[in-house]
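Student: Input structure: protein16.txt, which contains compact mmCIF, C-alpha atoms.
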# COMPACT_ATOMS: atom_id res chain seq x y z
CA MET A 1 -186.09 37.70 -143.58
CA SER A 2 -189.32 35.76 -143.69
CA SER A 3 -192.43 36.64 -141.66
CA ARG A 4 -191.22 34.18 -138.97
CA MET A 5 -189.07 36.05 -136.49
CA SER A 6 -185.84 34.32 -135.50
CA CYS A 7 -186.28 35.53 -131.93
CA ALA A 8 -183.08 34.12 -130.48
CA GLY A 9 -181.29 36.36 -132.93
CA LEU A 10 -183.66 39.29 -132.69
CA LEU A 11 -183.58 39.38 -128.91
CA HIS A 12 -179.90 38.66 -128.31
CA ARG A 13 -177.86 39.51 -131.42
CA ALA A 14 -176.11 42.86 -131.84
CA PHE A 15 -175.26 43.19 -128.14
CA ALA A 16 -171.57 43.37 -129.05
CA ALA A 17 -172.37 46.23 -131.40
CA LEU A 18 -174.51 47.89 -128.73
CA VAL A 19 -171.52 48.59 -126.52
CA LEU A 20 -169.88 50.55 -129.32
CA VAL A 21 -172.58 53.20 -129.01
CA GLY A 22 -170.96 56.29 -127.54
CA ALA A 23 -167.43 55.51 -128.75
CA GLY A 24 -167.14 58.32 -131.27
CA PHE A 25 -170.91 58.22 -131.77
CA HIS A 26 -173.26 61.17 -131.35
CA ALA A 27 -177.04 61.53 -131.49
CA ASP A 28 -178.15 63.30 -134.64
CA ALA A 29 -181.01 65.39 -135.94
CA GLN A 30 -182.69 62.32 -137.46
CA SER A 31 -183.38 60.69 -134.08
CA ILE A 32 -186.73 58.96 -133.85
CA GLN A 33 -189.35 60.25 -131.40
CA LEU A 34 -191.19 57.48 -129.56
CA ALA A 35 -194.65 57.27 -128.05
CA LEU A 36 -195.44 54.85 -125.23
CA PRO A 37 -195.76 51.35 -126.77
CA VAL A 38 -198.30 50.15 -124.17
CA ALA A 39 -201.75 51.51 -123.33
CA CYS A 40 -200.98 52.11 -119.67
CA GLU A 41 -200.00 54.77 -117.17
CA PRO A 42 -196.35 54.39 -116.09
CA GLY A 43 -196.01 54.13 -112.34
CA ARG A 44 -199.68 53.23 -111.85
CA THR A 45 -200.90 50.62 -114.34
CA CYS A 46 -197.50 49.54 -115.71
CA TYR A 47 -193.92 49.64 -114.47
CA ILE A 48 -190.47 49.37 -116.02
CA GLN A 49 -189.00 46.13 -114.71
CA ASN A 50 -185.81 46.13 -116.79
CA TYR A 51 -183.87 48.53 -119.01
CA THR A 52 -181.29 47.85 -121.72
CA ASP A 53 -178.01 46.40 -120.44
CA LEU A 54 -175.20 48.82 -121.33
CA ASP A 55 -172.35 46.80 -119.80
CA PRO A 56 -170.35 44.86 -122.44
CA SER A 57 -168.98 42.45 -119.83
CA ARG A 58 -170.81 39.61 -118.07
CA SER A 59 -171.98 42.14 -115.52
CA ALA A 60 -175.01 44.32 -116.17
CA ARG A 61 -175.96 47.97 -115.63
CA ASP A 62 -178.79 50.17 -116.80
CA TYR A 63 -178.39 53.69 -118.18
CA LYS A 64 -178.24 55.12 -114.64
CA CYS A 65 -175.55 52.56 -113.70
CA GLY A 66 -178.25 50.86 -111.63
CA THR A 67 -179.42 47.27 -111.22
CA LEU A 68 -182.65 47.32 -113.28
CA THR A 69 -181.40 45.06 -116.05
CA TYR A 70 -179.55 41.79 -116.59
CA ASP A 71 -176.72 40.56 -118.80
CA GLU A 72 -177.41 41.06 -122.53
CA HIS A 73 -180.92 42.38 -122.00
CA ASN A 74 -181.55 44.37 -125.17
CA GLY A 75 -184.72 46.31 -124.50
CA THR A 76 -187.15 47.89 -122.05
CA ASP A 77 -189.64 45.70 -120.18
CA PHE A 78 -192.99 47.36 -119.48
CA ARG A 79 -194.56 45.13 -116.82
CA LEU A 80 -198.25 44.88 -115.98
CA PRO A 81 -199.25 44.57 -112.30
CA SER A 82 -200.75 41.08 -112.67
CA LEU A 83 -202.02 38.35 -114.96
CA ALA A 84 -205.53 39.52 -114.14
CA VAL A 85 -204.77 42.89 -115.74
CA GLN A 86 -203.19 41.20 -118.76
CA LYS A 87 -206.18 38.92 -119.28
CA ALA A 88 -208.51 41.91 -119.20
CA GLY A 89 -206.61 43.17 -122.25
CA VAL A 90 -203.91 45.84 -122.60
CA GLU A 91 -203.11 47.19 -126.05
CA VAL A 92 -199.63 47.27 -127.55
CA ARG A 93 -199.25 50.29 -129.81
CA ALA A 94 -196.84 51.42 -132.53
CA ALA A 95 -194.30 53.72 -130.89
CA ALA A 96 -193.79 55.50 -134.23
CA GLY A 97 -195.18 55.36 -137.73
CA GLY A 98 -193.72 52.89 -140.22
CA SER A 99 -194.12 49.61 -142.10
CA ILE A 100 -194.56 46.11 -140.68
CA LEU A 101 -191.35 44.20 -141.33
CA ARG A 102 -191.85 40.93 -139.38
CA ILE A 103 -194.56 39.28 -137.32
CA ARG A 104 -195.36 36.15 -135.34
CA ASN A 105 -198.88 35.45 -134.08
CA ASP A 106 -199.15 31.74 -133.32
CA ALA A 107 -197.00 31.19 -130.19
CA PRO A 108 -199.02 29.96 -127.18
CA ASP A 109 -199.15 31.92 -123.95
CA GLY A 110 -197.44 30.49 -120.87
CA THR A 111 -195.30 27.86 -122.61
CA PHE A 112 -192.09 28.84 -120.82
CA THR A 113 -193.70 28.88 -117.37
CA LYS A 114 -195.22 25.45 -117.99
CA LEU A 115 -192.49 23.63 -119.92
CA GLY A 116 -189.23 25.53 -119.48
CA ARG A 117 -186.69 27.24 -121.71
CA GLU A 118 -186.34 24.43 -124.25
CA ALA A 119 -189.99 24.85 -125.22
CA VAL A 120 -189.37 28.40 -126.47
CA ARG A 121 -185.94 27.92 -128.03
CA GLU A 122 -185.62 30.04 -131.20
CA ALA A 123 -188.91 31.72 -130.23
CA GLU A 124 -187.90 33.69 -127.14
CA CYS A 125 -189.73 36.79 -128.38
CA GLY A 126 -192.98 34.83 -128.56
CA ASN A 127 -195.62 36.61 -130.59
CA GLY A 128 -194.20 39.86 -131.84
CA VAL A 129 -193.98 42.62 -134.38
CA VAL A 130 -191.04 44.49 -135.93
CA ILE A 131 -191.76 47.89 -137.45
CA GLU A 132 -189.43 49.59 -139.92
CA HIS A 133 -189.25 53.39 -139.62
CA PRO A 134 -187.53 56.05 -141.75
CA GLU A 135 -183.79 56.72 -141.43
CA GLN A 136 -182.93 53.06 -140.65
CA TRP A 137 -184.83 52.84 -137.35
CA GLU A 138 -186.67 49.74 -136.14
CA THR A 139 -188.83 48.97 -133.13
CA GLN A 140 -189.64 45.46 -131.91
CA TYR A 141 -192.52 44.34 -129.67
CA CYS A 142 -192.32 40.94 -127.92
CA HIS A 143 -194.44 38.60 -125.74
CA LEU A 144 -197.77 39.58 -127.29
CA ALA A 145 -200.87 37.51 -126.50
CA ALA A 146 -201.56 34.51 -128.72
CA GLY A 147 -203.61 35.50 -131.74
CA SER A 148 -203.69 39.18 -130.80
CA VAL A 149 -201.48 40.64 -133.56
CA LEU A 150 -203.60 43.02 -135.64
CA VAL A 151 -201.22 43.81 -138.50
CA LYS A 152 -199.85 42.00 -141.56
CA LEU A 153 -196.52 42.12 -143.37
CA GLY A 154 -196.16 45.34 -145.34
CA ASP A 155 -198.96 47.18 -143.54
CA LYS A 156 -198.42 50.88 -142.89
CA VAL A 157 -199.04 51.89 -139.29
CA GLU A 158 -199.32 55.26 -137.60
CA LEU A 159 -197.93 56.39 -134.27
CA GLY A 160 -200.14 55.05 -131.49
CA GLN A 161 -201.98 52.54 -133.68
CA PRO A 162 -202.91 49.29 -131.85
CA ILE A 163 -200.88 46.34 -133.15
CA GLY A 164 -201.68 43.65 -130.55
CA ARG A 165 -202.08 42.99 -126.83
CA VAL A 166 -199.65 42.29 -123.99
CA GLY A 167 -199.38 38.54 -123.40
CA LEU A 168 -197.24 35.81 -121.88
CA SER A 169 -195.74 34.21 -124.99
CA GLY A 170 -192.09 33.32 -125.46
CA LEU A 171 -189.41 33.55 -122.77
CA THR A 172 -191.26 35.33 -119.97
CA GLU A 173 -192.52 34.55 -116.48
CA TYR A 174 -194.75 37.59 -116.06
CA PRO A 175 -196.95 39.71 -118.35
CA HIS A 176 -194.98 42.48 -120.01
CA LEU A 177 -193.99 44.03 -123.30
CA HIS A 178 -190.32 43.70 -124.22
CA PHE A 179 -189.60 46.73 -126.41
CA THR A 180 -186.38 47.02 -128.43
CA VAL A 181 -185.12 49.94 -130.51
CA ARG A 182 -182.48 49.60 -133.26
CA HIS A 183 -180.73 52.11 -135.47
CA ASN A 184 -178.78 50.87 -138.48
CA GLY A 185 -179.22 47.35 -137.10
CA VAL A 186 -177.67 48.20 -133.73
CA VAL A 187 -179.61 48.07 -130.44
CA VAL A 188 -179.86 51.46 -128.74
CA ASP A 189 -181.31 52.51 -125.41
CA PRO A 190 -184.27 54.89 -125.93
CA PHE A 191 -183.52 56.47 -122.54
CA ALA A 192 -179.91 57.34 -123.40
CA TYR A 193 -179.26 57.26 -127.14
CA GLY A 194 -175.57 57.88 -127.82
CA VAL A 195 -174.51 57.73 -124.15
CA ARG A 196 -170.77 57.29 -123.70
CA PRO A 197 -169.48 53.98 -122.35
CA GLU A 198 -169.21 53.82 -118.55
CA SER A 199 -171.26 57.00 -118.18
CA CYS A 200 -174.18 57.16 -115.75
CA GLN A 201 -175.67 60.22 -117.40
CA GLY A 202 -175.95 61.82 -120.78
CA GLY A 203 -177.24 60.53 -124.06
CA GLN A 204 -180.46 61.61 -125.70
CA SER A 205 -183.96 60.51 -124.72
CA LEU A 206 -185.86 59.22 -127.74
CA TRP A 207 -189.22 59.51 -125.97
CA LEU A 208 -191.67 62.25 -126.88
CA THR A 209 -191.14 65.26 -124.64
CA ALA A 210 -194.55 64.90 -122.97
CA LEU A 211 -193.65 61.36 -121.87
CA ARG A 212 -190.25 61.96 -120.30
CA SER A 213 -191.40 62.97 -116.82
CA LYS A 214 -193.80 59.99 -116.72
CA LEU A 215 -190.92 57.66 -117.56
CA GLU A 216 -188.55 59.09 -114.98
CA TYR A 217 -186.16 56.48 -113.59
CA GLN A 218 -187.33 54.73 -110.40
CA GLU A 219 -184.89 52.50 -108.54
CA ARG A 220 -187.71 50.69 -106.72
CA ALA A 221 -191.46 50.54 -107.17
CA ILE A 222 -194.54 48.98 -105.61
CA LEU A 223 -196.32 46.69 -108.04
CA ASN A 224 -199.25 45.60 -105.85
CA ALA A 225 -200.54 46.58 -102.43
CA GLY A 226 -203.79 46.18 -100.55
CA PHE A 227 -205.82 44.44 -97.87
CA THR A 228 -207.18 40.91 -98.07
CA THR A 229 -208.67 38.24 -95.80
CA GLY A 230 -206.00 35.54 -95.54
CA PRO A 231 -202.41 34.47 -96.27
CA VAL A 232 -201.04 35.84 -99.53
CA THR A 233 -199.12 34.06 -102.29
CA MET A 234 -197.67 35.29 -105.57
CA GLU A 235 -200.36 33.26 -107.36
CA LEU A 236 -203.17 35.04 -105.50
CA ILE A 237 -201.66 38.40 -106.39
CA GLU A 238 -201.22 37.43 -110.06
CA ASP A 239 -204.77 36.18 -110.56
CA GLY A 240 -206.23 39.19 -108.77
CA SER A 241 -207.76 37.19 -105.91
CA ALA A 242 -205.81 38.98 -103.18
CA GLU A 243 -207.08 42.40 -104.19
CA ARG A 244 -210.66 41.23 -104.71
CA GLN A 245 -211.04 39.70 -101.23
CA MET A 246 -211.45 42.95 -99.31
CA PRO A 247 -211.97 42.49 -95.54
CA SER A 248 -215.30 43.39 -93.95
CA ALA A 249 -216.53 43.58 -90.37
CA SER A 250 -217.31 39.85 -90.51
CA SER A 251 -213.97 38.73 -91.99
CA MET A 252 -211.97 36.13 -90.09
CA ALA A 253 -208.74 38.06 -90.66
CA ILE A 254 -207.31 41.37 -91.83
CA VAL A 255 -204.14 41.06 -93.90
CA ALA A 256 -202.08 43.74 -95.62
CA PHE A 257 -199.76 42.82 -98.50
CA VAL A 258 -197.22 44.50 -100.75
CA ARG A 259 -195.25 43.29 -103.77
CA ALA A 260 -192.28 45.50 -104.68
CA ILE A 261 -189.84 45.39 -107.59
CA GLY A 262 -186.26 46.57 -107.94
CA LEU A 263 -185.20 45.98 -104.34
CA LYS A 264 -181.46 46.03 -103.65
CA ALA A 265 -179.08 44.01 -101.51
CA GLY A 266 -179.09 45.65 -98.09
CA ASP A 267 -182.70 46.89 -98.26
CA ALA A 268 -184.73 46.17 -95.09
CA GLN A 269 -188.53 46.02 -95.18
CA TRP A 270 -191.22 46.65 -92.59
CA LEU A 271 -195.01 46.25 -92.81
CA VAL A 272 -197.30 47.19 -89.91
CA ILE A 273 -201.09 47.36 -89.41
CA LYS A 274 -202.73 49.62 -86.83
CA ASP A 275 -206.35 49.49 -85.66
CA PRO A 276 -208.64 52.54 -85.31
CA LEU A 277 -207.20 53.15 -81.83
CA GLU A 278 -203.64 53.28 -83.28
CA ASN A 279 -202.70 49.96 -81.67
CA VAL A 280 -200.29 47.80 -83.67
CA ILE A 281 -202.18 44.58 -84.44
CA ALA A 282 -199.79 42.97 -86.93
CA GLU A 283 -196.22 43.52 -88.00
CA THR A 284 -193.67 41.89 -90.27
CA ARG A 285 -190.01 42.87 -90.54
CA SER A 286 -187.55 41.35 -92.99
CA ALA A 287 -183.80 41.15 -92.54
CA PRO A 288 -181.71 43.18 -95.01
CA LEU A 289 -181.74 41.48 -98.39
CA GLN A 290 -178.65 39.46 -99.24
CA ALA A 291 -179.05 40.05 -102.98
CA ASN A 292 -180.94 42.24 -105.43
CA LYS A 293 -184.52 41.12 -105.95
CA ALA A 294 -186.52 41.55 -109.15
CA GLN A 295 -189.63 41.20 -106.99
CA PHE A 296 -190.41 40.56 -103.33
CA MET A 297 -193.71 40.03 -101.50
CA LEU A 298 -194.45 40.79 -97.85
CA PHE A 299 -197.65 40.45 -95.83
CA ALA A 300 -198.82 40.86 -92.24
CA GLY A 301 -202.15 40.01 -90.67
CA LYS A 302 -204.26 39.25 -87.64
CA LYS A 303 -207.17 36.90 -86.99
CA ARG A 304 -210.44 38.41 -85.81
CA PRO A 305 -210.43 38.92 -82.02
CA PRO A 306 -213.18 37.28 -79.90
CA GLY A 307 -215.03 40.57 -79.55
CA GLY A 308 -214.91 41.29 -83.29
CA TRP A 309 -213.24 44.12 -85.14
CA GLU A 310 -213.26 47.70 -83.93
CA ARG A 311 -215.18 49.87 -86.38
CA GLY A 312 -213.20 52.61 -88.06
CA SER A 313 -209.99 53.09 -90.03
CA TYR A 314 -207.31 50.40 -90.19
CA LYS A 315 -204.01 51.68 -91.55
CA ALA A 316 -201.07 49.77 -92.96
CA THR A 317 -197.62 51.20 -93.64
CA TYR A 318 -194.95 49.56 -95.77
CA VAL A 319 -191.41 50.95 -95.61
CA VAL A 320 -188.13 50.05 -97.29
CA GLU A 321 -185.08 51.37 -95.45
CA ARG A 322 -181.48 51.55 -96.59
CA ASP A 323 -178.60 52.89 -94.52
CA GLY A 324 -181.10 54.35 -92.08
CA GLN A 325 -183.05 56.21 -94.78
CA VAL A 326 -186.55 55.50 -96.07
CA VAL A 327 -186.23 54.83 -99.82
CA LEU A 328 -189.75 53.52 -100.52
CA ARG A 329 -193.05 53.87 -98.65
CA LYS A 330 -196.70 52.95 -99.15
CA ASP A 331 -199.64 53.83 -96.88
CA LEU A 332 -202.91 51.91 -97.05
CA GLU A 333 -206.28 52.46 -95.37
CA LEU A 334 -209.25 50.14 -94.79
CA MET A 335 -212.58 51.33 -93.39
CA LEU A 336 -214.71 48.88 -91.40
In structure tokens, write the structure found in this file.
Tutor:
Amino acid sequence: MSSRMSCAGLLHRAFAALVLVGAGFHADAQSIQLALPVACEPGRTCYIQNYTDLDPSRSARDYKCGTLTYDEHNGTDFRLPSLAVQKAGVEVRAAAGGSILRIRNDAPDGTFTKLGREAVREAECGNGVVIEHPEQWETQYCHLAAGSVLVKLGDKVELGQPIGRVGLSGLTEYPHLHFTVRHNGVVVDPFAYGVRPESCQGGQSLWLTALRSKLEYQERAILNAGFTTGPVTMELIEDGSAERQMPSASSMAIVAFVRAIGLKAGDAQWLVIKDPLENVIAETRSAPLQANKAQFMLFAGKKRPPGGWERGSYKATYVVERDGQVVLRKDLELML
């Protein structure tokens, strides 16, 4: 194959073969061991938005039989908290040592969000790198920033070596690295290599032992949370404005906001702010979700009272409840 990656094929082909993994297939002693392909801290500065789809039908399920994937998704999406973080620069690194097999480095960032799917046809991966490893293993890295690829065809790379930066190229609406693993040309899930069909457990983790606890499966996660001074939009969260506009004693409003990922149908959310005297000054409750949500934003706030703000600690609490149980919680504090 030439240095141009046929991304429609690279991202979507071999799904039919993927579902054969586990049918008479067993992990072997030659399994690759993978380092984290992004320079981030899972659960704090990056989050797994989607896993590999292991369902051969038009439905989708991740390796825990959960909802963190979609039909024919053939990799793991490591999402950054915002565009502001992406623009500051986050390295993509070789997950294992090997040779550079394919690259693309000239796709613009943000084409899909501006012009739609047709603009990235045959280039869904955007800027990317494919690395060939021993024993017929390959890793692929997609959606890198325009012009950020640091390697050339045939280069030898070592585990952890920077190969580019996370971007917004190709078929993506948010900054993340799409990371795919193949063995003998077949897509495999690095969280459950060799898992049997229809199983919600088993298989072999291909991640380095030191990484496995950091990459523990989370059904839901909080991507962004904080205080700001006015109404919140997704755009303000993405460009970092919401987090930068911290309220002070002279602010015209105090607003708390949260953006969560991986919420499920039936989840109910609640966000409340209390003043230093423990009085509730703002509250937002959402009805149970009617469908799964890849992301969801909630905010609550209050305008400055005539006498000004009480000095002291303002506390916000965000809760997700399901069947009467708290399944996700975040506590925030603001000192005035």
Student: When distances are computed from only C-alpha atoms, which of A:Leu336, A:Ala294, A:Ala94, A:Val326 shows the smallest separation from Trp309 of chain A?
Tutor: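 Looking at the shortest contact to Trp309 of chain A, the residue is A:Leu336.
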Student: Show which residues sit within 7 Å of segment 262-267 of chain A, as a VMD selection string. Count all atoms listed in the file, and ignore same-chain residues fewer than 4 positions away.
Tutor: chain A and resid 68 219 to 221 288 to 295 320 to 322
Student: Env of segment 46-59 of chain A: 7 Å cut, atoms = only C-alpha atoms, seq-sep filter 4 positions within chain, self excluded. Answer as a PDB file with C-alpha atoms, in the frame of the given file.
Tutor:
ATOM      1  CA  ALA A  16    -171.570  43.370-129.050  1.00  0.00           C
ATOM      2  CA  VAL A  19    -171.520  48.590-126.520  1.00  0.00           C
ATOM      3  CA  CYS A  40    -200.980  52.110-119.670  1.00  0.00           C
ATOM      4  CA  GLU A  41    -200.000  54.770-117.170  1.00  0.00           C
ATOM      5  CA  PRO A  42    -196.350  54.390-116.090  1.00  0.00           C
ATOM      6  CA  TYR A  63    -178.390  53.690-118.180  1.00  0.00           C
ATOM      7  CA  LEU A  68    -182.650  47.320-113.280  1.00  0.00           C
ATOM      8  CA  THR A  69    -181.400  45.060-116.050  1.00  0.00           C
ATOM      9  CA  TYR A  70    -179.550  41.790-116.590  1.00  0.00           C
ATOM     10  CA  ASP A  71    -176.720  40.560-118.800  1.00  0.00           C
ATOM     11  CA  GLU A  72    -177.410  41.060-122.530  1.00  0.00           C
ATOM     12  CA  HIS A  73    -180.920  42.380-122.000  1.00  0.00           C
ATOM     13  CA  ASN A  74    -181.550  44.370-125.170  1.00  0.00           C
ATOM     14  CA  GLY A  75    -184.720  46.310-124.500  1.00  0.00           C
ATOM     15  CA  THR A  76    -187.150  47.890-122.050  1.00  0.00           C
ATOM     16  CA  ASP A  77    -189.640  45.700-120.180  1.00  0.00           C
ATOM     17  CA  PHE A  78    -192.990  47.360-119.480  1.00  0.00           C
ATOM     18  CA  ARG A  79    -194.560  45.130-116.820  1.00  0.00           C
ATOM     19  CA  LEU A  80    -198.250  44.880-115.980  1.00  0.00           C
ATOM     20  CA  PRO A  81    -199.250  44.570-112.300  1.00  0.00           C
ATOM     21  CA  ASP A 189    -181.310  52.510-125.410  1.00  0.00           C
TER      22      ASP A 189
END
Student: Which residue, A:Leu171, A:Gly240, A:Lys64, A:Ile131, has the smallest gap to Gln218 of chain A when you use all atoms listed in the file?
Tutor: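 Among A:Leu171, A:Gly240, A:Lys64, A:Ile131, it is A:Lys64 that comes nearest to Gln218 of chain A.
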Student: Quick one: residues within 6 Å of segment 99-102 of chain A, all atoms listed in the file counted, chain neighbours fewer than 4 positions away excluded, as a VMD selection string?
Tutor: chain A and resid 3 129 to 132 153 to 156
Student: Taking all atoms listed in the file into account, which of A:Arg104, A:Val85, A:Glu278, A:Pro134 comes nearest Asn184 of chain A?
Tutor: A:Pro134
Student: Do you have the atom CA of Gly170 of chain A-atom CA of Gly147 of chain A distance handy?
Tutor: 13.3 Å
Student: Atom CA of Ser241 of chain A and atom CA of Ala268 of chain A are how many Å apart?
Tutor: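 About the pair atom CA of Ser241 of chain A and atom CA of Ala268 of chain A: they are 27.0 Å apart.
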Student: Extract, using all atoms listed in the file, all DNA, RNA and protein residues at most 10 Å from Ala249 of chain A, discarding same-chain residues fewer than 3 positions from it, and format them as a ChimeraX atom specification.
Tutor: /A:252-254,304,308-312,335-336
Student: Counting only C-alpha atoms, what is within 10 Å of Thr209 of chain A, bar same-chain residues fewer than 4 positions away, as a ChimeraX atom specification?
Tutor: /A:33-35,205,213-214
Student: Provide an axis-aligned box for all listed atoms of segment 258-264 of chain A, padding each side by 5 Å; report its centre and its edge lengths in Å to one decimal, as lines of an AutoDock Vina configuration file.
Tutor:
center_x = -189.3
center_y = 44.9
center_z = -104.3
size_x = 25.8
size_y = 13.3
size_z = 17.2
